[in-house]
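Colleague: Pasting protein.cif here (mmCIF, C-alpha atoms and all ligand atoms; chains and numbers go by the auth columns):
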data_upload
#
loop_
_atom_site.group_PDB
_atom_site.id
_atom_site.type_symbol
_atom_site.label_atom_id
_atom_site.label_comp_id
_atom_site.label_asym_id
_atom_site.label_seq_id
_atom_site.Cartn_x
_atom_site.Cartn_y
_atom_site.Cartn_z
_atom_site.B_iso_or_equiv
_atom_site.auth_seq_id
_atom_site.auth_asym_id
ATOM 1 C CA MET A 1 -41.196 27.561 49.911 0.00 1 A
ATOM 2 C CA GLN A 2 -41.065 29.834 52.952 0.00 2 A
ATOM 3 C CA ASP A 3 -41.757 28.671 56.479 0.00 3 A
ATOM 4 C CA THR A 4 -41.641 25.036 55.483 0.00 4 A
ATOM 5 C CA ALA A 5 -41.679 22.180 57.946 0.00 5 A
ATOM 6 C CA SER A 6 -38.128 23.086 58.927 0.00 6 A
ATOM 7 C CA PRO A 7 -37.668 26.763 59.788 0.00 7 A
ATOM 8 C CA LEU A 8 -34.003 26.051 60.440 0.00 8 A
ATOM 9 C CA GLN A 9 -31.769 23.437 58.889 0.00 9 A
ATOM 10 C CA THR A 10 -27.992 23.339 59.027 0.00 10 A
ATOM 11 C CA THR A 11 -25.733 20.990 57.103 0.00 11 A
ATOM 12 C CA ASP A 12 -22.137 20.358 58.177 0.00 12 A
ATOM 13 C CA VAL A 13 -21.722 23.868 59.555 0.00 13 A
ATOM 14 C CA ARG A 14 -18.166 24.871 60.321 0.00 14 A
ATOM 15 C CA LEU A 15 -16.826 28.064 61.830 0.00 15 A
ATOM 16 C CA THR A 16 -13.136 28.792 62.101 0.00 16 A
ATOM 17 C CA LEU A 17 -11.919 32.094 63.519 0.00 17 A
ATOM 18 C CA PRO A 18 -8.424 33.479 64.006 0.00 18 A
ATOM 19 C CA GLY A 19 -7.067 33.039 67.526 0.00 19 A
ATOM 20 C CA ALA A 20 -3.902 34.154 69.298 0.00 20 A
ATOM 21 C CA GLU A 21 -2.128 30.902 68.327 0.00 21 A
ATOM 22 C CA GLY A 22 -3.613 30.404 64.865 0.00 22 A
ATOM 23 C CA PRO A 23 -7.074 29.460 63.598 0.00 23 A
ATOM 24 C CA VAL A 24 -9.578 28.094 66.104 0.00 24 A
ATOM 25 C CA GLU A 25 -12.204 25.612 64.972 0.00 25 A
ATOM 26 C CA ILE A 26 -15.225 26.800 66.902 0.00 26 A
ATOM 27 C CA LEU A 27 -17.915 24.766 65.125 0.00 27 A
ATOM 28 C CA ARG A 28 -16.799 21.486 63.562 0.00 28 A
ATOM 29 C CA GLY A 29 -19.605 20.073 61.462 0.00 29 A
ATOM 30 C CA ILE A 30 -23.040 20.729 62.917 0.00 30 A
ATOM 31 C CA ASP A 31 -26.270 19.323 61.520 0.00 31 A
ATOM 32 C CA VAL A 32 -29.354 20.642 63.249 0.00 32 A
ATOM 33 C CA ALA A 33 -32.940 20.988 62.110 0.00 33 A
ATOM 34 C CA ILE A 34 -35.859 22.460 64.016 0.00 34 A
ATOM 35 C CA ARG A 35 -39.490 21.905 63.089 0.00 35 A
ATOM 36 C CA ALA A 36 -42.182 24.567 63.298 0.00 36 A
ATOM 37 C CA GLY A 37 -43.493 24.647 66.843 0.00 37 A
ATOM 38 C CA GLU A 38 -40.532 22.674 68.173 0.00 38 A
ATOM 39 C CA ARG A 39 -38.655 23.795 71.262 0.00 39 A
ATOM 40 C CA LEU A 40 -34.982 22.904 70.971 0.00 40 A
ATOM 41 C CA ALA A 41 -32.682 23.362 73.953 0.00 41 A
ATOM 42 C CA VAL A 42 -29.030 23.914 73.032 0.00 42 A
ATOM 43 C CA THR A 43 -26.804 23.049 75.952 0.00 43 A
ATOM 44 C CA GLY A 44 -23.157 22.375 76.705 0.00 44 A
ATOM 45 C CA ARG A 45 -20.369 23.741 78.824 0.00 45 A
ATOM 46 C CA SER A 46 -19.132 27.301 78.637 0.00 46 A
ATOM 47 C CA GLY A 47 -17.066 27.715 75.483 0.00 47 A
ATOM 48 C CA SER A 48 -18.606 24.714 73.698 0.00 48 A
ATOM 49 C CA GLY A 49 -19.930 26.902 70.854 0.00 49 A
ATOM 50 C CA LYS A 50 -23.580 27.581 71.732 0.00 50 A
ATOM 51 C CA SER A 51 -23.574 31.347 71.136 0.00 51 A
ATOM 52 C CA SER A 52 -21.458 30.869 68.010 0.00 52 A
ATOM 53 C CA LEU A 53 -23.977 28.383 66.627 0.00 53 A
ATOM 54 C CA LEU A 54 -26.806 30.780 67.423 0.00 54 A
ATOM 55 C CA ALA A 55 -24.971 33.619 65.662 0.00 55 A
ATOM 56 C CA VAL A 56 -24.431 31.700 62.434 0.00 56 A
ATOM 57 C CA CYS A 57 -27.933 30.189 62.404 0.00 57 A
ATOM 58 C CA ALA A 58 -29.508 33.625 62.860 0.00 58 A
ATOM 59 C CA GLY A 59 -27.371 34.987 60.035 0.00 59 A
ATOM 60 C CA LEU A 60 -25.423 37.290 62.319 0.00 60 A
ATOM 61 C CA GLU A 61 -22.091 35.758 61.375 0.00 61 A
ATOM 62 C CA PRO A 62 -21.046 33.946 58.185 0.00 62 A
ATOM 63 C CA VAL A 63 -20.057 30.289 58.354 0.00 63 A
ATOM 64 C CA THR A 64 -16.659 29.089 57.177 0.00 64 A
ATOM 65 C CA ALA A 65 -18.232 26.075 55.440 0.00 65 A
ATOM 66 C CA GLY A 66 -21.545 24.270 55.283 0.00 66 A
ATOM 67 C CA SER A 67 -25.067 25.413 54.690 0.00 67 A
ATOM 68 C CA ILE A 68 -27.779 27.084 56.736 0.00 68 A
ATOM 69 C CA ARG A 69 -31.373 27.347 55.551 0.00 69 A
ATOM 70 C CA LEU A 70 -33.397 29.783 57.627 0.00 70 A
ATOM 71 C CA LEU A 71 -37.129 30.041 56.858 0.00 71 A
ATOM 72 C CA GLY A 72 -36.515 28.259 53.594 0.00 72 A
ATOM 73 C CA GLU A 73 -33.663 30.465 52.414 0.00 73 A
ATOM 74 C CA GLU A 74 -29.974 29.662 52.126 0.00 74 A
ATOM 75 C CA LEU A 75 -28.010 32.243 54.115 0.00 75 A
ATOM 76 C CA SER A 76 -24.649 32.070 52.395 0.00 76 A
ATOM 77 C CA GLY A 77 -24.207 34.680 49.714 0.00 77 A
ATOM 78 C CA LYS A 78 -26.867 36.981 51.166 0.00 78 A
ATOM 79 C CA SER A 79 -25.992 40.627 51.757 0.00 79 A
ATOM 80 C CA GLU A 80 -26.431 42.245 55.186 0.00 80 A
ATOM 81 C CA ASP A 81 -29.557 43.913 53.817 0.00 81 A
ATOM 82 C CA GLY A 82 -30.863 40.637 52.478 0.00 82 A
ATOM 83 C CA LEU A 83 -30.285 38.980 55.854 0.00 83 A
ATOM 84 C CA ALA A 84 -31.983 41.851 57.684 0.00 84 A
ATOM 85 C CA ARG A 85 -34.964 41.618 55.319 0.00 85 A
ATOM 86 C CA LEU A 86 -35.241 37.879 55.900 0.00 86 A
ATOM 87 C CA ARG A 87 -35.177 38.346 59.679 0.00 87 A
ATOM 88 C CA ARG A 88 -37.502 41.336 59.871 0.00 88 A
ATOM 89 C CA GLY A 89 -40.708 40.432 61.679 0.00 89 A
ATOM 90 C CA ARG A 90 -40.047 36.691 61.358 0.00 90 A
ATOM 91 C CA VAL A 91 -36.945 36.047 63.452 0.00 91 A
ATOM 92 C CA GLY A 92 -36.701 37.068 67.111 0.00 92 A
ATOM 93 C CA ILE A 93 -33.313 37.167 68.799 0.00 93 A
ATOM 94 C CA VAL A 94 -32.547 37.445 72.503 0.00 94 A
ATOM 95 C CA PHE A 95 -28.845 38.127 72.945 0.00 95 A
ATOM 96 C CA GLN A 96 -26.814 36.954 75.911 0.00 96 A
ATOM 97 C CA SER A 97 -26.030 40.624 76.565 0.00 97 A
ATOM 98 C CA PHE A 98 -29.538 41.951 75.759 0.00 98 A
ATOM 99 C CA HIS A 99 -28.616 44.607 73.108 0.00 99 A
ATOM 100 C CA LEU A 100 -31.331 47.088 74.081 0.00 100 A
ATOM 101 C CA LEU A 101 -31.279 50.558 72.596 0.00 101 A
ATOM 102 C CA PRO A 102 -29.959 52.764 75.416 0.00 102 A
ATOM 103 C CA ASN A 103 -31.854 55.921 74.478 0.00 103 A
ATOM 104 C CA MET A 104 -35.234 54.243 74.395 0.00 104 A
ATOM 105 C CA THR A 105 -37.457 53.259 77.293 0.00 105 A
ATOM 106 C CA ALA A 106 -38.460 49.657 77.922 0.00 106 A
ATOM 107 C CA LEU A 107 -41.777 50.318 76.164 0.00 107 A
ATOM 108 C CA GLU A 108 -40.092 51.946 73.177 0.00 108 A
ATOM 109 C CA ASN A 109 -37.538 49.132 72.922 0.00 109 A
ATOM 110 C CA VAL A 110 -40.370 46.622 72.529 0.00 110 A
ATOM 111 C CA ALA A 111 -42.626 48.804 70.365 0.00 111 A
ATOM 112 C CA ILE A 112 -39.827 49.541 67.893 0.00 112 A
ATOM 113 C CA ALA A 113 -39.663 45.829 67.013 0.00 113 A
ATOM 114 C CA LEU A 114 -43.252 45.971 65.759 0.00 114 A
ATOM 115 C CA GLU A 115 -42.728 49.232 63.950 0.00 115 A
ATOM 116 C CA THR A 116 -39.598 47.909 62.240 0.00 116 A
ATOM 117 C CA ALA A 117 -41.455 44.748 61.274 0.00 117 A
ATOM 118 C CA GLY A 118 -44.176 46.933 59.801 0.00 118 A
ATOM 119 C CA THR A 119 -46.902 44.954 61.549 0.00 119 A
ATOM 120 C CA ALA A 120 -48.082 47.737 63.871 0.00 120 A
ATOM 121 C CA THR A 121 -47.469 51.411 64.336 0.00 121 A
ATOM 122 C CA GLY A 122 -47.929 54.094 66.972 0.00 122 A
ATOM 123 C CA ARG A 123 -50.553 53.381 69.577 0.00 123 A
ATOM 124 C CA GLU A 124 -51.099 49.792 68.449 0.00 124 A
ATOM 125 C CA ALA A 125 -47.407 49.015 68.805 0.00 125 A
ATOM 126 C CA ARG A 126 -47.265 50.652 72.226 0.00 126 A
ATOM 127 C CA GLU A 127 -50.288 48.691 73.427 0.00 127 A
ATOM 128 C CA ALA A 128 -48.782 45.404 72.247 0.00 128 A
ATOM 129 C CA ALA A 129 -45.475 46.381 73.855 0.00 129 A
ATOM 130 C CA ARG A 130 -47.221 47.163 77.139 0.00 130 A
ATOM 131 C CA ALA A 131 -48.960 43.776 77.067 0.00 131 A
ATOM 132 C CA GLY A 132 -45.654 42.037 76.349 0.00 132 A
ATOM 133 C CA LEU A 133 -43.912 43.788 79.217 0.00 133 A
ATOM 134 C CA GLU A 134 -46.798 42.933 81.511 0.00 134 A
ATOM 135 C CA ARG A 135 -46.367 39.247 80.670 0.00 135 A
ATOM 136 C CA VAL A 136 -42.787 39.343 81.902 0.00 136 A
ATOM 137 C CA GLY A 137 -43.716 41.269 85.048 0.00 137 A
ATOM 138 C CA LEU A 138 -42.465 44.683 83.997 0.00 138 A
ATOM 139 C CA SER A 139 -45.604 46.827 83.978 0.00 139 A
ATOM 140 C CA HIS A 140 -43.920 49.092 86.516 0.00 140 A
ATOM 141 C CA ARG A 141 -40.815 49.663 84.391 0.00 141 A
ATOM 142 C CA THR A 142 -42.207 50.615 80.990 0.00 142 A
ATOM 143 C CA GLY A 143 -40.817 54.155 81.198 0.00 143 A
ATOM 144 C CA HIS A 144 -37.348 53.132 82.384 0.00 144 A
ATOM 145 C CA TYR A 145 -34.289 53.318 80.148 0.00 145 A
ATOM 146 C CA PRO A 146 -31.963 50.273 80.009 0.00 146 A
ATOM 147 C CA GLY A 147 -29.481 52.095 82.257 0.00 147 A
ATOM 148 C CA GLN A 148 -32.201 52.385 84.879 0.00 148 A
ATOM 149 C CA MET A 149 -32.979 48.674 84.940 0.00 149 A
ATOM 150 C CA SER A 150 -31.345 45.628 86.522 0.00 150 A
ATOM 151 C CA GLY A 151 -29.746 42.969 84.327 0.00 151 A
ATOM 152 C CA GLY A 152 -32.716 40.663 84.814 0.00 152 A
ATOM 153 C CA GLU A 153 -35.161 43.437 83.931 0.00 153 A
ATOM 154 C CA GLN A 154 -33.244 44.270 80.749 0.00 154 A
ATOM 155 C CA GLN A 155 -33.242 40.588 79.881 0.00 155 A
ATOM 156 C CA ARG A 156 -37.006 40.426 80.200 0.00 156 A
ATOM 157 C CA VAL A 157 -37.395 43.510 77.979 0.00 157 A
ATOM 158 C CA ALA A 158 -35.221 41.743 75.394 0.00 158 A
ATOM 159 C CA VAL A 159 -37.451 38.654 75.541 0.00 159 A
ATOM 160 C CA ALA A 160 -40.612 40.752 75.246 0.00 160 A
ATOM 161 C CA ARG A 161 -39.065 42.544 72.259 0.00 161 A
ATOM 162 C CA ALA A 162 -38.208 39.274 70.496 0.00 162 A
ATOM 163 C CA ALA A 163 -41.651 37.798 71.190 0.00 163 A
ATOM 164 C CA VAL A 164 -43.911 40.747 70.410 0.00 164 A
ATOM 165 C CA VAL A 165 -43.768 40.338 66.625 0.00 165 A
ATOM 166 C CA LYS A 166 -44.805 36.670 66.900 0.00 166 A
ATOM 167 C CA PRO A 167 -41.818 35.477 64.882 0.00 167 A
ATOM 168 C CA ALA A 168 -41.629 32.148 63.066 0.00 168 A
ATOM 169 C CA ILE A 169 -38.409 31.326 64.938 0.00 169 A
ATOM 170 C CA VAL A 170 -36.844 32.672 68.113 0.00 170 A
ATOM 171 C CA PHE A 171 -33.162 32.414 68.957 0.00 171 A
ATOM 172 C CA ALA A 172 -32.594 33.058 72.635 0.00 172 A
ATOM 173 C CA ASP A 173 -29.210 32.958 74.365 0.00 173 A
ATOM 174 C CA GLU A 174 -29.662 32.173 78.059 0.00 174 A
ATOM 175 C CA PRO A 175 -32.950 34.073 78.286 0.00 175 A
ATOM 176 C CA THR A 176 -33.407 33.123 81.931 0.00 176 A
ATOM 177 C CA GLY A 177 -29.750 33.409 82.939 0.00 177 A
ATOM 178 C CA ASN A 178 -30.168 36.405 85.239 0.00 178 A
ATOM 179 C CA LEU A 179 -33.611 35.668 86.574 0.00 179 A
ATOM 180 C CA ASP A 180 -35.079 34.329 89.794 0.00 180 A
ATOM 181 C CA ALA A 181 -37.511 31.414 89.561 0.00 181 A
ATOM 182 C CA GLY A 182 -40.649 33.543 89.190 0.00 182 A
ATOM 183 C CA ALA A 183 -39.284 35.806 86.472 0.00 183 A
ATOM 184 C CA GLY A 184 -37.673 32.813 84.756 0.00 184 A
ATOM 185 C CA ASP A 185 -41.036 31.049 84.660 0.00 185 A
ATOM 186 C CA SER A 186 -42.730 34.055 83.070 0.00 186 A
ATOM 187 C CA VAL A 187 -40.035 34.223 80.361 0.00 187 A
ATOM 188 C CA ARG A 188 -40.324 30.472 79.733 0.00 188 A
ATOM 189 C CA ASP A 189 -44.124 30.709 79.502 0.00 189 A
ATOM 190 C CA LEU A 190 -43.954 33.616 77.059 0.00 190 A
ATOM 191 C CA LEU A 191 -41.500 31.788 74.791 0.00 191 A
ATOM 192 C CA PHE A 192 -43.278 28.438 75.061 0.00 192 A
ATOM 193 C CA ASP A 193 -46.615 30.080 74.197 0.00 193 A
ATOM 194 C CA LEU A 194 -45.059 31.282 70.950 0.00 194 A
ATOM 195 C CA ALA A 195 -44.186 27.691 70.116 0.00 195 A
ATOM 196 C CA ILE A 196 -47.388 26.052 71.315 0.00 196 A
ATOM 197 C CA LYS A 197 -49.968 28.635 70.241 0.00 197 A
ATOM 198 C CA ASP A 198 -48.278 30.271 67.276 0.00 198 A
ATOM 199 C CA GLY A 199 -46.120 27.420 65.958 0.00 199 A
ATOM 200 C CA ALA A 200 -42.811 29.256 66.364 0.00 200 A
ATOM 201 C CA ALA A 201 -39.607 27.238 66.464 0.00 201 A
ATOM 202 C CA LEU A 202 -37.442 27.909 69.526 0.00 202 A
ATOM 203 C CA PHE A 203 -33.647 27.710 69.553 0.00 203 A
ATOM 204 C CA LEU A 204 -33.028 28.063 73.234 0.00 204 A
ATOM 205 C CA VAL A 205 -29.492 28.186 74.596 0.00 205 A
ATOM 206 C CA THR A 206 -29.588 27.390 78.283 0.00 206 A
ATOM 207 C CA HIS A 207 -27.483 26.205 81.177 0.00 207 A
ATOM 208 C CA GLU A 208 -30.579 25.346 83.184 0.00 208 A
ATOM 209 C CA PRO A 209 -31.400 21.626 83.262 0.00 209 A
ATOM 210 C CA VAL A 210 -35.030 22.244 84.217 0.00 210 A
ATOM 211 C CA LEU A 211 -35.624 24.539 81.248 0.00 211 A
ATOM 212 C CA ALA A 212 -33.781 22.178 78.891 0.00 212 A
ATOM 213 C CA ALA A 213 -35.869 19.254 80.138 0.00 213 A
ATOM 214 C CA ALA A 214 -39.084 21.204 79.483 0.00 214 A
ATOM 215 C CA CYS A 215 -38.182 21.523 75.780 0.00 215 A
ATOM 216 C CA ASP A 216 -39.149 18.949 73.133 0.00 216 A
ATOM 217 C CA ARG A 217 -35.552 18.110 72.326 0.00 217 A
ATOM 218 C CA GLN A 218 -32.115 18.895 73.703 0.00 218 A
ATOM 219 C CA ILE A 219 -28.768 18.853 71.969 0.00 219 A
ATOM 220 C CA VAL A 220 -25.492 18.940 73.832 0.00 220 A
ATOM 221 C CA LEU A 221 -22.473 20.645 72.304 0.00 221 A
ATOM 222 C CA ALA A 222 -18.882 19.952 73.293 0.00 222 A
ATOM 223 C CA ASP A 223 -15.934 21.530 71.576 0.00 223 A
ATOM 224 C CA GLY A 224 -17.959 22.594 68.532 0.00 224 A
ATOM 225 C CA VAL A 225 -19.760 19.313 67.817 0.00 225 A
ATOM 226 C CA VAL A 226 -23.078 17.808 68.894 0.00 226 A
ATOM 227 C CA VAL A 227 -22.215 15.011 71.300 0.00 227 A
ATOM 228 C CA ASP A 228 -25.685 14.090 72.538 0.00 228 A
ATOM 229 C CA GLU A 229 -29.325 14.485 71.629 0.00 229 A
ATOM 230 C CA ILE A 230 -32.211 13.871 74.002 0.00 230 A
ATOM 231 C CA ILE A 231 -35.780 13.664 72.707 0.00 231 A
ATOM 232 C CA ARG A 232 -38.373 14.232 75.413 0.00 232 A
HETATM 233 N N1 LIG B . -14.387 36.158 67.792 0.00 301 A
HETATM 234 C C1 LIG B . -13.793 35.052 68.253 0.00 301 A
HETATM 235 N N2 LIG B . -12.547 34.729 67.869 0.00 301 A
HETATM 236 C C2 LIG B . -11.941 33.594 68.303 0.00 301 A
HETATM 237 N N3 LIG B . -12.519 32.730 69.136 0.00 301 A
HETATM 238 C C3 LIG B . -13.754 32.992 69.565 0.00 301 A
HETATM 239 C C4 LIG B . -14.470 34.157 69.152 0.00 301 A
HETATM 240 N N4 LIG B . -15.687 34.142 69.740 0.00 301 A
HETATM 241 C C5 LIG B . -15.727 33.022 70.490 0.00 301 A
HETATM 242 N N5 LIG B . -14.583 32.332 70.399 0.00 301 A
HETATM 243 C C6 LIG B . -14.276 31.040 71.061 0.00 301 A
HETATM 244 O O1 LIG B . -15.205 30.087 70.583 0.00 301 A
HETATM 245 C C7 LIG B . -15.576 29.180 71.597 0.00 301 A
HETATM 246 C C8 LIG B . -17.061 29.097 71.661 0.00 301 A
HETATM 247 O O2 LIG B . -17.569 30.331 72.151 0.00 301 A
HETATM 248 P P1 LIG B . -19.109 30.560 72.404 0.00 301 A
HETATM 249 O O3 LIG B . -19.300 31.979 72.798 0.00 301 A
HETATM 250 O O4 LIG B . -19.869 30.063 71.243 0.00 301 A
HETATM 251 O O5 LIG B . -19.353 29.582 73.651 0.00 301 A
HETATM 252 P P2 LIG B . -20.663 29.304 74.513 0.00 301 A
HETATM 253 O O6 LIG B . -20.944 27.853 74.447 0.00 301 A
HETATM 254 O O7 LIG B . -21.743 30.231 74.111 0.00 301 A
HETATM 255 O O8 LIG B . -20.169 29.637 75.986 0.00 301 A
HETATM 256 P P3 LIG B . -20.935 30.348 77.224 0.00 301 A
HETATM 257 O O9 LIG B . -21.790 29.262 77.851 0.00 301 A
HETATM 258 O O10 LIG B . -19.826 30.746 78.125 0.00 301 A
HETATM 259 O O11 LIG B . -21.739 31.508 76.732 0.00 301 A
HETATM 260 C C9 LIG B . -14.908 29.672 72.855 0.00 301 A
HETATM 261 O O12 LIG B . -13.791 28.859 73.102 0.00 301 A
HETATM 262 C C10 LIG B . -14.499 31.086 72.547 0.00 301 A
HETATM 263 O O13 LIG B . -13.340 31.437 73.228 0.00 301 A
HETATM 264 MG MG MG B . -22.645 31.866 75.056 0.00 302 A
#
Let's see the structure in the file written out as structure tokens.
Ligand SMILES: Nc1ncnc2c1ncn2[C@@H]1O[C@H](COP(=O)(O)OP(=O)(O)OP(=O)(O)O)[C@@H](O)[C@H]1O
Ligand SMILES: [Mg+2]

Modeller:
Amino acid sequence: MQDTASPLQTTDVRLTLPGAEGPVEILRGIDVAIRAGERLAVTGRSGSGKSSLLAVCAGLEPVTAGSIRLLGEELSGKSEDGLARLRRGRVGIVFQSFHLLPNMTALENVAIALETAGTATGREAREAARAGLERVGLSHRTGHYPGQMSGGEQQRVAVARAAVVKPAIVFADEPTGNLDAGAGDSVRDLLFDLAIKDGAALFLVTHEPVLAAACDRQIVLADGVVVDEIIR
């Protein structure tokens, strides 16, 4: 039952969090499904709930109500360990703020993803990491620590790290947000290759109309609900 036609399926997902003036309804009934190999752009104004939706769909935050099936498994009721096991090697995440390990070089940050997934070790992992960094134009920064890289460079390391394990689904939060056109294109190509060649589903949060238009489908969030859907 794993990796079925729908790597991600949400049903009436709601998220309510405490705010300064009482509870805030951040997600108000979201139904989204992504097929294997499908590139879904998640768009909407700042504060509309995109990162929150990503967080609950990737099992990083529990929902208040509703159901999320990720790679064929219902997320609610799973322990942190169970969620981590489900994600390991099969779910890639690119955070809006990168989340690189500060005491590891760019190469080590990418290689560790493979080692954690258990799909490659040592030299093999480092070679795959080097190839991934090359694809995003960072061959000259493999030995740099996150603190020695620009925001855009760190972002590209984060994308290479998410992609290197060839996950079944990738969640990426503004993966081209800090990049110039050339670097943005290399990130898009790397992610799109995962979908086209390896059948990965992409959940791609973006503010960039050109990137959204290049995806198979776009949903628009406003105030925690899907207000529009565009099929390309
Ligand atoms: N921990 C929290 N507690 C209360 N409210 C929160 C919390 N995190 C986010 N919010 C609120 O939820 C709403 C949605 O936030 P979210 O980060 O999902 O937006 P977004 O669409 O990703 O925006 P952006 O494009 O700026 O990244 C915002 O109004 C935000 O203020
Ligand atoms: Mg966000």

Colleague: Between atom CA of Gln96 of chain A and atom CA of Ala183 of chain A, what distance in Å does the model show, to one decimal?

Modeller: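 Straight-line distance from atom CA of Gln96 of chain A to atom CA of Ala183 of chain A works out to 16.4 Å.
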
Colleague: Taking the file as shown, find all residues satisfying the PyMOL selection byres (((chain A and resi 72-89) around 10) and not hetatm) and write them as number ranges by chain.

Modeller: A: 1-10, 56-71, 90-93, 113-119, 162-169

Colleague: Dump as CSV the rows for residues of chain A within 10 Å of ligand MG 302 (chain A): closest atom pair and distance in Å with one decimal, all atoms listed in the file counted, ordered by chain and rising residue number.

Modeller:
residue,atom,partner,partner_atom,distance
A:Thr43,CA,A:MG302,MG,9.8
A:Gly44,CA,A:MG302,MG,9.6
A:Arg45,CA,A:MG302,MG,9.2
A:Ser46,CA,A:MG302,MG,6.8
A:Gly47,CA,A:MG302,MG,7.0
A:Ser48,CA,A:MG302,MG,8.3
A:Gly49,CA,A:MG302,MG,7.0
A:Lys50,CA,A:MG302,MG,5.5
A:Ser51,CA,A:MG302,MG,4.1
A:Ser52,CA,A:MG302,MG,7.2
A:Leu53,CA,A:MG302,MG,9.2
A:Leu54,CA,A:MG302,MG,8.8
A:Ala55,CA,A:MG302,MG,9.8
A:Phe95,CA,A:MG302,MG,9.1
A:Gln96,CA,A:MG302,MG,6.6
A:Ser97,CA,A:MG302,MG,9.5
A:Asp173,CA,A:MG302,MG,6.7
A:Glu174,CA,A:MG302,MG,7.6
A:Val205,CA,A:MG302,MG,7.8
A:Thr206,CA,A:MG302,MG,8.9
A:His207,CA,A:MG302,MG,9.6

Colleague: If I take atom CA of Asn103 of chain A and atom CA of Leu190 of chain A, how far is one from the other in Å, to one decimal?

Modeller: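 Atom CA of Leu190 of chain A lies 25.5 Å from atom CA of Asn103 of chain A.
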
Colleague: Please expand the PyMOL selection byres (((chain A and resi 108) around 12) and not hetatm) into the concrete residues it hits in this file, giving the result as a PyMOL selection string.

Modeller: chain A and resi 100-107+109-116+121-123+125-130+132-133+141-146+157-158+160-161

Colleague: Could you tell me how far atom O7 of ligand LIG 301 (chain A) lies from atom CA of Leu194 of chain A, in Å and to one decimal?

Modeller: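 Atom CA of Leu194 of chain A lies at a distance of 23.6 Å from atom O7 of ligand LIG 301 (chain A).
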
Colleague: So which one's closest to ligand LIG 301 (chain A), A:Ser150, A:Thr11, A:Thr16, A:Ser186? Using only C-alpha atoms and all ligand atoms, please.

Modeller: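 Counting only C-alpha atoms and all ligand atoms, the residue closest to ligand LIG 301 (chain A) is A:Thr16.
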
Colleague: What lies within 10 Å of Arg39 of chain A using all atoms listed in the file, ignoring chain neighbours under 6 positions off, as a VMD selection string?

Modeller: chain A and resid 169 to 170 191 to 192 194 to 196 199 to 204 212 214 to 218

Colleague: Taking 4 positions as the minimum chain separation for residues in the same chain, which residues sit within 6 Å of Leu27 of chain A when counting all atoms listed in the file? Answer as a list in words.

Modeller: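 Here the answer would be Arg14, Leu15 and Gly224 of chain A.
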
Colleague: Box time for segment 194-200 of chain A: axis-aligned, enclosing all its listed atoms, 4 Å extra on each side; report centre and edge lengths in Å to one decimal, as JSON.

Modeller:
{"center_x": -46.4, "center_y": 28.7, "center_z": 68.6, "size_x": 15.2, "size_y": 13.2, "size_z": 13.4}

Colleague: Using all atoms listed in the file for the distances, tell me which of A:Asp198, A:Glu25, A:Asp180, A:Asp31 is nearest to ligand LIG 301 (chain A).

Modeller: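 Closest to ligand LIG 301 (chain A), using all atoms listed in the file: A:Glu25.
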
Colleague: Calculated over all atoms listed in the file, which of the candidates A:Gly184, A:Gly151, A:Pro18, A:Pro175 has the smallest distance to ligand LIG 301 (chain A)?

Modeller: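 Going through A:Gly184, A:Gly151, A:Pro18, A:Pro175 one by one, the smallest distance to ligand LIG 301 (chain A) is for A:Pro18.
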
Colleague: Find, counting only C-alpha atoms and all ligand atoms, the residue in A:Val42, A:Ala131, A:Ile30, A:Val187 that gets nearest to ligand LIG 301 (chain A).

Modeller: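 Nearest candidate to ligand LIG 301 (chain A) out of A:Val42, A:Ala131, A:Ile30, A:Val187: A:Val42.
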
Colleague: Counting only C-alpha atoms and all ligand atoms, which residue out of A:Leu138, A:Leu221, A:Val159, A:Val13 sits closest to ligand LIG 301 (chain A)?

Modeller: A:Leu221

Colleague: With the input short on atoms, add N, CA and C atoms back to segment 200-208 of chain A and write it as an mmCIF file, in the coordinates of the input.

Modeller:
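And here is the file that came out, rebuild.cif:
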data_model
loop_
_atom_site.group_PDB
_atom_site.id
_atom_site.type_symbol
_atom_site.label_atom_id
_atom_site.label_comp_id
_atom_site.auth_asym_id
_atom_site.auth_seq_id
_atom_site.Cartn_x
_atom_site.Cartn_y
_atom_site.Cartn_z
ATOM 1 N N ALA A 200 -44.188 28.784 66.553
ATOM 2 C CA ALA A 200 -42.811 29.256 66.364
ATOM 3 C C ALA A 200 -41.825 28.161 66.750
ATOM 4 N N ALA A 201 -40.698 28.124 66.074
ATOM 5 C CA ALA A 201 -39.607 27.238 66.464
ATOM 6 C C ALA A 201 -38.756 27.981 67.490
ATOM 7 N N LEU A 202 -38.298 27.277 68.518
ATOM 8 C CA LEU A 202 -37.442 27.909 69.526
ATOM 9 C C LEU A 202 -36.062 27.276 69.532
ATOM 10 N N PHE A 203 -35.053 28.114 69.435
ATOM 11 C CA PHE A 203 -33.647 27.710 69.553
ATOM 12 C C PHE A 203 -33.178 28.350 70.848
ATOM 13 N N LEU A 204 -33.154 27.523 71.896
ATOM 14 C CA LEU A 204 -33.028 28.063 73.234
ATOM 15 C C LEU A 204 -31.723 27.609 73.875
ATOM 16 N N VAL A 205 -30.746 28.511 73.932
ATOM 17 C CA VAL A 205 -29.492 28.186 74.596
ATOM 18 C C VAL A 205 -29.709 28.319 76.094
ATOM 19 N N THR A 206 -29.396 27.284 76.836
ATOM 20 C CA THR A 206 -29.588 27.390 78.283
ATOM 21 C C THR A 206 -28.625 26.507 79.062
ATOM 22 N N HIS A 207 -28.277 26.993 80.238
ATOM 23 C CA HIS A 207 -27.483 26.205 81.177
ATOM 24 C C HIS A 207 -28.375 25.547 82.220
ATOM 25 N N GLU A 208 -29.690 25.811 82.112
ATOM 26 C CA GLU A 208 -30.579 25.346 83.184
ATOM 27 C C GLU A 208 -31.231 24.025 82.832
#
